[in-house]
Amino acid sequence: MNKRNFCIIAHIDHGKSTLADRMLEITGTIPKRLMRDQVLDAMELEREHGITIKAHPTRMKYKGFIFNLIDTPGHVDFSYEVTRSLVACEGAVLIVDAVQGVQAQTVSNLYMALDVGLTIIPVINKIDLPNAHIEDIKEEIIDLLNVEEKEILLVSAKNGWGIENLMERIVEKIPPPHDSGSTLKALIFDSYYDEYRGAIPYLRIMSGSIETGINVRFIKSGKNFEVQEVGYFSPKKVKSEILQTGDVGYIICNIRGAKDIKTGDTVIESQKSKVESQSVKPLPGYREVTPYVYAGIYPADGEKYNSLKDALEKLVLTDSSLIYEPETSVALGFGFRCGFLGMLHKKIIEERLEREMNISIISTSPNIRYKVKLQNGDTEWVENPGQMPKPIEINVIEEPVVKAKIFTPPGYIGSILKLCEKRRGIQKSIFYHRENMVEIEYEIPLSELIFDFYDTLKSISQGFASLDYEFLEYRPGDFVKVDILVNSKQVDALSSIVIRDNAYFDAVRLVRRLKQVIPRQLFEVIIQAASNGRIIAKSRVAPIRKDVTAKCYGGDITRKRKLLERQKEGKKKMKRIGMVEIPKEAFLCVRE
Amino acid sequence: MPGLYIHIPFCIKKCKYCAFHSLPYNSELVKQYIVSLKKEAELRKETFGKTFDTVYIGGGTPSVLKISELLDILKIINYNFNLSPREFTIEVNPGTVNREKLTWYRSVGINRLSIGVQSLNDKELEYLGRIHTGKEAVECFKDTRFVGFKNISIDLIYGIPIQDKNSWYSTLNGITALYPEHISAYSLSYEPDTPLYGEKPMKEDLEEKLYYYMIEYLKDKGYEQYEISTFAISGYKSRHNTNYWNGGIYLGLGPSAHSFDGTHRYANPELFDYIKGKSFKKEKINRTEALEEYIMLGLRKREGISLLEFSNRFGNETYNKLIKEIKEPFLEVDRDRVRITEKKQFIADAIIISIIYHLSNEK
């Protein structure tokens with residue numbers, strides 16, 4: 001077969017997008033005169049966070065071969081999406097910067113690629129830079145991949161050096177797709193939303209073929225559709241007659257619900273009889289994507305509730321992993337409780353709301369989802385600490401626990417184990433995985449892992465450790481709700497669920513933090529933390545003692561007025577609770 | 001009752017806290033300044049009206065000018081405007097005047113002096129970069145009385161980091177012993193681009209004590225507080241300054257002086273541009289800004305704001321919003337007037353911002 005499906009694995013700024021641009025150019029997919037830098041990185045936010053959320057898989061023609069370049073995101077929040085994209089490939093180009101060398105972030109994705117059996121082509125990029133130390137970096141790669149020196153390619157994507165060689169190497173080394181029969185099985189590895197045509201899945205045809213007019217079934221979502229159009233991206237959308245085994249492309253079948261498309265789902269041909277349908281086994285590796293992190297999102301200006309609602313509706317069409325439902329807060333008014341894959345995902349959604357949709361929002365501190373078993377035998381799911389049932393009604397509160405895998409060079413094991421223990425982790429195994437990489441497995445409560453664990457892990461391992469995790473089960477814990485009162489008024493958006501043993505400590509930390517964030521007001525502000533009706537911590541924001549302009553004569557009036565106007569603008573960024581003005585950041589203090 | 005202000009941008013030496021526009025005295029520069037002032041007066045009288053109820057010569061240090069120079073300035077304004085001011089003030093710095101100069105001031109119709117004493121404590125005066133001692137200031141005051149001035153104001157500064165309760169009390173004591181008709185007392189501020197900027201200020205609670213102590217003390221001595229920083233014995237409130245706080249019309253001549261004609265504010269350029277003939281910047285005051293200024297200035301006055309006048313000027317809806325924001329213990333209403341309570345004057349700006357913010361809210 002003359003098809004080569006591959007992805008590019010690289011650390012931020014190591015040149016993934018530039019290399020992709022050169023490939024588009026050399027294959028004539030985009031004529032040079034139309035080239036604009038980094039064609040594949042679409043969204044502004046992606047560039048800023050150094051991650052790719054979504055880029056179309058791109059088809060190129062090279063000397064009679066068809067290349068499909070599949071893009072992958074690069075953050076632990078999206079690790080499941082990464083694995084599905086990798087499964088759509090047979091090979092990966094590993095780019096290492098000639099100055100910076102191998103970086104941890106790449107290692108994690110590299111191992112995922114090796115795990116799904118991809119062929120790796122190592123490439124050193126930016127060899128044109130005067131401070132490139134190619135020999136050292138070759139050694140790093142040899143250590144990492146156990147390859148021979150001659151297998152490592154040298155390129156400068158910026159100048160177009162060595163690209164031809166790389167293309168030849170892709171043809172030569174990356175295996176063609178395996179032909180596994182004529183029964184249609186296609187993997188959905190990503191999707192995007194088109195306002196007119198609905199949700200459009202990206203497929204990798206594993207076996208069989210798909211063409212316009214046939215009826216298909218998505219096994220996991222259980223939906224049936226008639227295929228209205230098939231095609232691929234090159235890099236623009238190109239209609240075609242058929243997608244065959246090994247091809248990568250899209251299908252359009254007027255899918256209106258974003259939830260109908262599940263990344264990792266298998267597309268098969270709908271059969272008349274159910275039995276026949278059920279005989280086709282789904283592709284392995286599918287995972288139900290569930291939000292891990294929940295937070296309240298409110299319009300900063302209460303009147304913008306409907307705009308926020310419209311914006312979320314739009315976002316969810318392009319991002320099916322986002323969920324939301326309306327909720328009300330005494331403090332913040334009408335808003336939504338949203339579920340995210342992780343903290344980065346949350347941040348991206350918040351920034352898209354503010355930048356793309358132009359809505360100023362207030363978000364509450366994130367939390368996980370609790371399973372609350374009640375005395376009366378019912379079970380309740382609690383995604384908002386403010387809505388935790390009364391202690392007297394609760395039999396037991398359970399929290400999600402995950403299986404976390406950490407890869408690290410051996411030097412950092414000590415501090416990593418310490419971190420995991422501190423986060424209530426239970427060690428499952430440690431073993432030397434490949435040459436100088438250790439794999440540590442822990443069971444850790446999700447709430448301990450999801451907020452700042454990843455960043456802490458990166459910092460204690462100088463960036464070299466990587467993390468992946470999956471949901472394991474709900475386990476009971478000894479939890480208690482901590483409420484915050486500001487001048488005796490309970491602020492529901494500041495409630496949190498904490499481990500009973502830490503409640504006092506957490507409450508003190510929180511009231512202290514709030515004291516720092518809440519500016520001094522005309523009167524004294526008393527901040528109290530209460531648990532089970534008892535005050536367990538307290539702090540006080542002293543009133544303003546002095547705020548007066550000494551003189552205000554003819555020449556001072558304009559300047560003074562302008563000063564007041566600026567301060568007035570500052571006040572607009574506050575929420576008023578009772579008489580107290582509370583800044584947006586306060587609502588994020590609970591988890592910091 | 002429009003007021004005329006003339007800015008004299010010259011000093012012997014700049015005080016360490018002063019952010020006003022001024023330069024060291026230089027007779028050549030003064031000549032050029034007077035030439036420009038003449039042009040400005042001629043130009044402005046055509047558009048601004050000619051009659052003024054008060055005249056105020058401020059600075060800088062107007063008293064650094066020689067008699068002949070000040071005479072030129074007086075000629076300019078007399079020639080161009082109809083002046084028979086009920087209040088005619090000049091700012092005086094101890095160390096720049098003698099009995100001869102003061103006698104001359106009186107002879108030309110100046111009937112009020114504002115003396116920049118600031119403190120009677122020599123260490124504090126040195127800290128502030130003043131050119132005189134406490135004793136010299138007292139002597140200066142006695143000279144003004146000697147030549148017959150009957151309306152004298154003294155400027156004081158409190159909140160000087162090296163100041164304590166005792167030194168402030170003794171300054172207040174020494175000043176009231178002189179029986180000035182009027183006292184302005186300013187909290188020391190640390191303006192950018194002044195030598196004091198970045199200094200560690202006095203602790204707020206101490207400064208607050210000094211302020212409220214002063215109010216009580218001066219009340220006891222027969223002074224009525226009529227603005228946040230201003231006190232007078234009966235019949236001696238400054239008409240010129242009250243006009244600013246009432247939102248009145250004023251014409252300011254000289255570099256960096258400001259004017260207000262009821263709808264526009266004008267800001268003159270600084271000295272060198274002024275001499276080059278550069279014109280003012282003109283800015284229209286829209287309704288919101290007028291409202292903000294009305295609140296900001298009105299609430300600085302002890303008499304506060306007239307609710308009737310407020311509703312007439314800004315309409316019922318805004319009036320109703322204002323009423324909603326009147327809350328103890330920050331604001332109080334006495335018949336038609338709303339004002340900041342005596343004990344909250346030291347946080348006047350915070351109260352004013354809060355009101356302005358709520359008046360600007362849609363709901």
# chains A, B, ... in the order shown; residues from 1 in each chain; ligands from 1
>>> interface_residues(of="chain B", to="chain A", cutoff="9 Å", atoms="only C-alpha atoms", output="PyMOL selection string")
chain B and resi 5+185-189+204-205+207-208+228-229+241+244-245+250+252+256-260+265+267+289+292-293+296-297+300+330+344-354+356-357
>>> residues_around(residues="Met357 in chain A", least_positions_apart="5", cutoff="9 Å", atoms="only C-alpha atoms", output="list in words")
Ser307, Leu308, Ala311 and Arg352 of chain A
>>> residues_around(residues="Ile392 in chain A", least_positions_apart="5", cutoff="12 Å", atoms="only C-alpha atoms", output="mmCIF file with C-alpha atoms, in the first residue's frame")
data_model
loop_
_atom_site.group_PDB
_atom_site.id
_atom_site.type_symbol
_atom_site.label_atom_id
_atom_site.label_comp_id
_atom_site.auth_asym_id
_atom_site.auth_seq_id
_atom_site.Cartn_x
_atom_site.Cartn_y
_atom_site.Cartn_z
ATOM 1 C CA LYS A 373 -24.796 8.135 49.971
ATOM 2 C CA LEU A 374 -27.671 9.343 52.097
ATOM 3 C CA GLN A 375 -29.120 7.891 55.273
ATOM 4 C CA ASN A 376 -32.340 7.129 53.398
ATOM 5 C CA VAL A 480 -16.675 17.896 55.899
ATOM 6 C CA ASN A 532 -21.047 22.013 61.143
#
>>> residues_around(residues="Glu327 in chain A", least_positions_apart="3", cutoff="12 Å", atoms="only C-alpha atoms", output="list of chain:residue names")
A:Ala295, A:Gly296, A:Ile297, A:Tyr298, A:Tyr305, A:Lys309, A:Tyr324, A:Val330, A:Ala331, A:Leu332, A:Gly333, A:Phe334, A:Gly335, A:Phe336, A:Arg337, A:Cys338, A:Glu383, A:Asn384, A:Gly386, A:Gln387, A:Asp492, A:Ala493
>>> residues_around(residues="Tyr33 in chain B", least_positions_apart="5", cutoff="10 Å", atoms="only C-alpha atoms", output="list in words")
Ile8, Pro9, Ser27, Glu28, Lys38, Ile73, Gly254, Pro255, Leu271, Phe272, Tyr274, Ile275 and Lys276 of chain B
>>> write_last_selection(atoms="N, CA and C atoms", output="short mmCIF file (atom, residue, chain, number, x, y, z; two decimals), in the first residue's frame")
data_model
loop_
_atom_site.label_atom_id
_atom_site.label_comp_id
_atom_site.auth_asym_id
_atom_site.auth_seq_id
_atom_site.Cartn_x
_atom_site.Cartn_y
_atom_site.Cartn_z
N ILE B 8 1.74 82.21 39.61
CA ILE B 8 3.12 82.70 39.55
C ILE B 8 4.03 81.48 39.70
N PRO B 9 4.67 81.04 38.63
CA PRO B 9 5.37 79.74 38.69
C PRO B 9 6.81 79.85 39.18
N SER B 27 14.91 86.75 36.85
CA SER B 27 14.21 87.97 36.42
C SER B 27 13.97 88.00 34.91
N GLU B 28 14.88 87.38 34.14
CA GLU B 28 14.68 87.32 32.69
C GLU B 28 13.40 86.55 32.35
N LYS B 38 0.27 89.04 29.65
CA LYS B 38 -0.43 90.17 29.06
C LYS B 38 -1.24 89.69 27.86
N ILE B 73 2.03 93.03 36.76
CA ILE B 73 0.96 92.03 36.70
C ILE B 73 -0.38 92.63 37.10
N GLY B 254 -1.90 82.28 33.51
CA GLY B 254 -0.55 81.85 33.86
C GLY B 254 -0.34 80.39 33.52
N PRO B 255 0.94 79.96 33.50
CA PRO B 255 1.24 78.58 33.13
C PRO B 255 0.59 77.58 34.07
N LEU B 271 5.30 76.45 31.90
CA LEU B 271 5.92 77.75 31.61
C LEU B 271 6.54 77.89 30.22
N PHE B 272 7.40 76.95 29.81
CA PHE B 272 8.13 77.17 28.56
C PHE B 272 7.19 77.17 27.36
N TYR B 274 4.11 77.93 27.56
CA TYR B 274 3.27 79.11 27.78
C TYR B 274 3.95 80.34 27.17
N ILE B 275 5.24 80.45 27.45
CA ILE B 275 6.01 81.58 26.91
C ILE B 275 6.03 81.53 25.39
N LYS B 276 6.11 80.32 24.86
CA LYS B 276 6.12 80.16 23.40
C LYS B 276 4.77 80.47 22.78
#
>>> residues_around(residues="Phe149 in chain B", least_positions_apart="4", cutoff="7 Å", atoms="only C-alpha atoms", output="PDB file with C-alpha atoms, in the first residue's frame")
ATOM      1  CA  ASN B 111      -6.855  92.435  51.460  1.00  0.00           C
ATOM      2  CA  ARG B 112      -6.066  88.847  52.322  1.00  0.00           C
ATOM      3  CA  THR B 144       1.490  91.226  58.409  1.00  0.00           C
ATOM      4  CA  ARG B 145      -0.537  92.263  61.405  1.00  0.00           C
TER       5      ARG B 145
END
>>> select_by_dssp(residues="range 61-251 of chain A", states="strand (DSSP E)", output="count of residues only")
71
>>> residues_around(residues="Met214 in chain B", least_positions_apart="4", cutoff="8 Å", atoms="only C-alpha atoms", output="VMD selection string")
chain B and resid 172 210 218
>>> write_last_selection(atoms="N, CA and C atoms", output="tab-separated table (two decimals), in the first residue's frame")
chain	number	residue	atom	x	y	z
B	172	LEU	N	-0.25	73.58	66.50
B	172	LEU	CA	-1.62	74.11	66.54
B	172	LEU	C	-1.76	75.18	67.62
B	210	LEU	N	-4.35	62.70	64.51
B	210	LEU	CA	-3.94	64.10	64.39
B	210	LEU	C	-5.04	64.92	63.72
B	218	LEU	N	-9.53	73.03	67.00
B	218	LEU	CA	-9.85	74.30	66.35
B	218	LEU	C	-11.29	74.73	66.64
>>> closest_residue(among="A:Ser156, A:Ser17, A:Gln271, A:Thr263", to="Val289 in chain A", atoms="only C-alpha atoms")
A:Thr263
>>> select_by_dssp(residues="range 61-90 of chain B", states="helix (DSSP H, G or I)", output="number ranges by chain")
B: 62-64, 67-80
>>> atom_distance(atom1="CA of Leu308 in chain B", atom2="CA of Gly248 in chain B")
17.8 Å
>>> closest_residue(among="B:Gly222, B:Gly315, B:Gly298, B:Gly3", to="Pro85 in chain B", atoms="only C-alpha atoms")
B:Gly3
